[in-house]
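Trainee: Dropping the structure in here first, questions after.
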Amino acid sequence: MTHPIQNFHGGVHPEENKQVSTQSPIRVAPIPQQVFVPLRQHIGEPARPCVAVGDRVRKGQIIAKADGYISVAAHAPTSGTVTAIALHPVPHPSGLSDPCIHITADGKDEWIERIAVDYRTTNISTLRNHLRDMGIAGLGGAAFPTFIKLNPGAAGAVKTLLLNGGECEPWISCDDMTMRERAAEVLQGAAIMRCMLHADTVLAGIEDNKPEAIAAMREAARNCDFPVEIIVVPTLYPSGGAKQMIKLITGREVPSGGRSTDIGVATFNVGTAYAVHRAINHGEPLISRVVTVTGNVGRAQNFDALIGTPIQELLALAGDAPEPVTGYLMGGPMMGIELAQTEIPVVKATNCILVKSDRLFPPPPRALPCIRCTRCADACPAELQPQELYWHARSKNFDKAQDYQLFDCIECGCCSYVCPSHIPLVQYYRYAKSEISAREKEQQAADHARSRHESRLMRIEREQRERAEKLAMKAAVKTSDAPARPADDAKKAAIQAAIERAKIQQADNVNNHPSTK
Amino acid sequence: MLSSPYIREQSSVSVIMLKVMLALIPGIAAYVWYFGPAILISLGVASIAALIFEAAAVAMRGWPVRPVLMDGSALVTAWLLALSIPPIAPWWLTVAGVFFAIIVAKHLYGGLGNNIFNPAMVGYAVLIISFPVQMTHWPAPLALAGHHLNLADTAHFIFSDTLPAGEKIDAISSATPLDTLRTQLQLHRSVAAIEQMPIFGYFAGKGSETVALMFLLGGVYLWLTRIITWHIPLALLTALALVAAVFHFIDPQHYAGAWFHLVAGGTILGAFFIATDPISGATTPRGKLIFGAAIGLLIFLIREFGGYPDGVAFAVLLMNIAVPLIDAYTQPPVYGHKKVQK
Amino acid sequence: MSGLAILLGAALGYAAVRFKVKEDPMVEQIDAILPQTQCGQCGFPGCKPYAEAMATGKADINQCPPGGEEGIRKLAALMGVEFKPLNAEHGEPKPKSLAVIDENICIGCTLCIQACPVDAILGAAKQMHTVIASECTGCELCVAPCPVDCISMVPIAENVATWKWKYPLIPLKALH
C-alpha cells in the first residue's frame, strides 16, 4: 500500500498550531438572527437574485440563480424573510461591500422539500445542472464551481479522481475534522464524482500530521464498494495546493494556464465531496460548511456554520480573546485575507476565521533591500525566481514580470515567509497581477470602442449616401414643388414645447427633492 | 495594510551577515597563530572605517542610519577586504580600500542589494593597481620570520610606518608562495624545485595553507546553515583544479599542480566567501555553476598568464559583469512549463 | 580583400532582407495607444484623426487628457521624442466616468444619440433615452447637446470586481 511520492520543489514548514482546534468535535452553530448571503461567493459571474424584498423563504430555497456558465446558485440558509438585497461588507481583500441578500431568520428553520437524486440512473448533464443549482463550489478556498470540473469531456479523459485532504495552512483544521467525523459521507460524494467522471482510480492525499483523519478515511475506504487508496504525503506547506498535491501523488505537473483535467486528474477538496453527497443523496443545497475558529480566541473549535452567518456570531461562540485582538483573517496565516469588520458573513470559501494578536502574529519587521539570496527561489513551489519577479514588479516593469511567468505564481506566501529582508513579496506580485489585468481590460474596452466608432462612421456615411440618392430621386420627380418649410417649423415648435415641459418638471423635481441636485 | 502571509520565518539579513562573520573566525584565528596579530589590527581598522563610511553615505541619502548599519553588510565587506590585503599594510591603505568598497562600489551603485560588483573586490582591485608596492608586503610566517612583532609594535608599524629600532621590513615580511612561484619560474627554476623552498608547506604556503583549510571549515558551515549553496564553490574549485591538473600534466616543469592552486592565495576564501556574495553573483542553480566555473578558470589564467600574482579579485569582478546575462539564459523551468512530462 | 568585402556586403544585404522588421503603419500604432474615448478634447474629431495628425507631425503628443501621463509616455517612446506634460489647453485627466440620463427629464430629442461617437445611447424620437453603461467611453460629448441638461457624468465607483491591489508602500526612507 505504498504509493510513490514525488516531492514538489520548495515549500516551507511553518508552526502548525492545528491541535488547538481539534480538541472537541464539530459543533453546529446556532441560527443567527440575520444572515447575509453574498451573490458573489464563487469564481465567475455573480448569481442573479430570484427573490424580492419581503418574500418569505424557506431553508434551502434558491434565492439567486447561476448567471452565465461559470456561476452557481445561492440559497436561503434558514427560513425567514428577505429584508433587503443590498450592499453588505463581504470577505474581500479590498474591504469593500458587495450585493448580498439579507434574510431575517424566523427561527423555525423550515426546510423546502428535499429531493434526493439517484446518480446511478441520472444522466451526467442533469447531475451537473443539479449541482450548479445546488450552489456547489469548491470549499478548499478558491470556490470554483464544482459542476464545471465534473465534465468528463472526451471519454476516459479523466482517469484519476483525487480527493485533496492536504490542509497545509497552519491553524486550519476544518478538512481534518470533516475527514475524522464524516469520512463515509466524503467517500459517498467521491462515489458520485467517480461515476460522473468515469474515473478509473480514486485517490485521497492526506498529510502525515493528521493520523486520525487518515485512520478514519482508511476505515471508510474499507467499507466502500469501489477501491479508494488513501495516500499519506509529507507535511510541507503548500502540499494542499491542488498543483502541489497532484505533483506529490502523480509526479506530473498541471500545464501552465491549463487545468488538472488536461493531465487526466480531477481534484476536489474533501469538504466539496461531502457537499456533493449532501446535494445529490439528500437534496440539500450548499447552505452550511465547517469553519475553524481559532487563534486568539477562548476556545478554538470547528463549527458547522450556515453560509451568511456574520463572523461575530461564531467569535462569540468561541469565547473571549485572551489577548488584545489586532485583527481577523479569513483563511490561514499564509494566504488568508484581512477582514475589516465582524459583520462580514461566512461564505462558501470561509474555511477558517483566525483571530490575531500581536504575540501570535507580530507586525512585519522593517523591510530591507533584497540581497538576492534566492531563499525565495529555493522555497517557491511554482519554481519561479521570486527575486526577479520582485525586481520587475517593484519597478512596474510588468512585461518583464510576465516574462518571468508572474501568472504562474500561486500566491502561497512561501517567498515572503522565508525572506530575510522581510519584503512583502507576494503583495508586489498581487499588485502587478491586478495592474496587468486592469490594463488588459482597458485595452479590450478601447478596442471595442474603436470598432464601435468605426462602424458608426460607416453607418453615417452610408445614411448620407442613401439620403443623397433619395433626394436626387425626389428632385427628379418633383421639380417645381416648394420646399416643405412649414413642416420644419412645426417640428421646431414641438421641440420648444417639450423643452418647456421638461424645465417645469425639472423645477418640480428640484422643489420636491432638494437633496438630489 | 500589508497582505498575507502574516507569519514569517525567524531570519534576517543581520543574522546572515553575522553567520558569515562567524564562519570567518577559524580562519582568522589560524591567521593570528601563523602570522601574528597584525590581521586583528587591520580587521579593526577596516571595520571602523566601513561603519563610518556606511553611516556617512546612508545619512547623506536621508536614510535611517541605525537599521542600515545593523544589517552588518558593511562589516562583512570590511572583513573580506582586510583578509584580502596584506595585514601589515599601512592603515591608510586599508581605509582607502574600504572607501572604494563602501562609497564607490556599494553606495554610488544604489546601496545594499544594488551593487553590480563585489565591493570588497573593487576595493582590492583599486589598491593593487594604485599601490602595488605596499600590496606586496605580506607578513612572513612566524616560523620563518627574522623577528616577531608584538601587538604594540605591529600597531606602531601600521599606524606610523616605523619598526622597532634595528629591524627591517624584510625581517617581518616575505613574498607569498604565488609571488615566489612567479619570480622563481622567471629564473628558470622548475616547479618541483621551487616547492622545496622554506616558504612552501605541504600543499602551498607554510601557514597559509592551514588558514585556507580553516576558511574551508567556515565555508562548509555556511553551506550547512544554508547561507550559501554548494554550486559556486564546487564549480569554482573543480574548474580551477581541472585546468591546473591538465596544465601540470602537460608541463609539470612550469605549472604548479591542482592542490597548489586550490590552497594557495585567495582561492578558498574566494570560493566560499567572495564569489558566493549573492548580490553581485548569479542566482539560478545553473547560472551559479557557470559563474563559479568561469571564475575558477579565470583565476588560473590570471595566475599563470596575467600580470598579477593572484587572480581571485579580477576573476570575480569580470564575472560580476556577466551575471545579468548568465541569469537571463539559465532561468530554470517553471512549474507547468516543462516540456518533457512522463 | 575585395572578395571579402563583396561577401560581407552580400551577407549584410541578405540579413537586411531576411530580418526586415515588418512595421505597422505609424498611424495604426499611435491609434493603438490612444484610449479610444473619441472625446475630441485633442482638437480632432476622434482618436484616429488625432493619430493621423500626430503621424504627420501636425499635432503634439500631449493633447489627450484621457490617455493621461502614461499615454504620453507611451507615445513619446513610440515616436522617439521627449516626454512632455499634458497640455492643459486640452483639459485635465479626470476619473473614468459614465454618462447617466435622468429619465424623468429626458424629452426624447435624440440630440445626444447623434452626438455619441460609439452609439452607446439607446432610444428613439420622443422616447426616453438611456445609456448602455458597458459601451459608454465617458467622452462627455452627449452632455453639451442636451437641451434640458438631463445628462450627468457619474464617476465609476470602485467595487469588488474592479478593485486593484495597491503598491506596497514600505520605502526604507519612510520607516524610522
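How things are named: the first chain in the C-alpha cells is A, the next is B, and so on; residues count from 1 in each chain; ligands count from 1 in the order shown.
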Compute the chain A side of the contact with chain B at 7 Å, counting only C-alpha atoms, and hand it back as a list in words.

Mentor: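 Result: Arg252, Glu253, Val254, Pro255, Ser256, Pro333, Met334, Met335, Gly336, Ile337, Phe361, Pro369, Cys370, Ile371, Arg372, Cys373, Thr374, Ala382, Glu383, Leu384, Gly413, Ser416, Tyr417, Val418, Pro420, Ser421 and Gln427 of chain A.
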
Trainee: Could you work out which residues of chain B fall inside 8 Å of chain C? Count only C-alpha atoms, and format the result as a list in words.

Mentor: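 Taking only C-alpha atoms into account, Leu2, Gly62, Trp63 and Pro64 of chain B sit within 8 Å of chain C.
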
Trainee: Could you write out as a list of chain:residue names the residues of chain C within 8 Å of chain A, counting only C-alpha atoms?

Mentor: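 So the contacting residues turn out to be C:Pro35, C:Gln36, C:Thr37, C:Gln38, C:Ile105, C:Cys106, C:Ile107, C:Cys109, C:Pro117, C:Val118, C:Asp119, C:Glu135, C:Thr137, C:Pro147, C:Val148, C:Asn159, C:Val160, C:Thr162, C:Trp163, C:Lys164, C:Trp165, C:Lys166, C:Tyr167, C:Pro168, C:Ile170, C:Leu172, C:Leu175.
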
Trainee: May I ask for the distance between CA of Arg120 (chain A) and CA of His198 (chain A), given in Å to one decimal place?

Mentor: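 Rounded to one decimal, the two atoms are 11.6 Å apart.
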
Trainee: Can you list, as a list in words, all residues belonging to region 63-203 of chain B that DSSP tags as strand (DSSP E or B)?

Mentor: Trp138, Pro139, Ser173, Ser174 and Phe200 of chain B

Trainee: Could you name the residues that touch Glu284 (chain A) at 7 Å or less, counting only C-alpha atoms, but leaving out those on the same chain fewer than 6 positions away, as a compact mmCIF listing (two decimals) with N, CA and C atoms, in the first residue's frame?

Mentor:
```txt
# COMPACT_ATOMS: atom_id res chain seq x y z
N GLY A 60 -33.01 26.38 2.40
CA GLY A 60 -32.64 25.62 1.22
C GLY A 60 -33.29 26.12 -0.06
N ARG A 114 -36.98 18.37 0.22
CA ARG A 114 -35.66 17.92 -0.25
C ARG A 114 -35.84 16.65 -1.07
N ARG A 278 -24.28 15.55 0.07
CA ARG A 278 -25.50 16.12 0.65
C ARG A 278 -26.45 16.59 -0.46
```
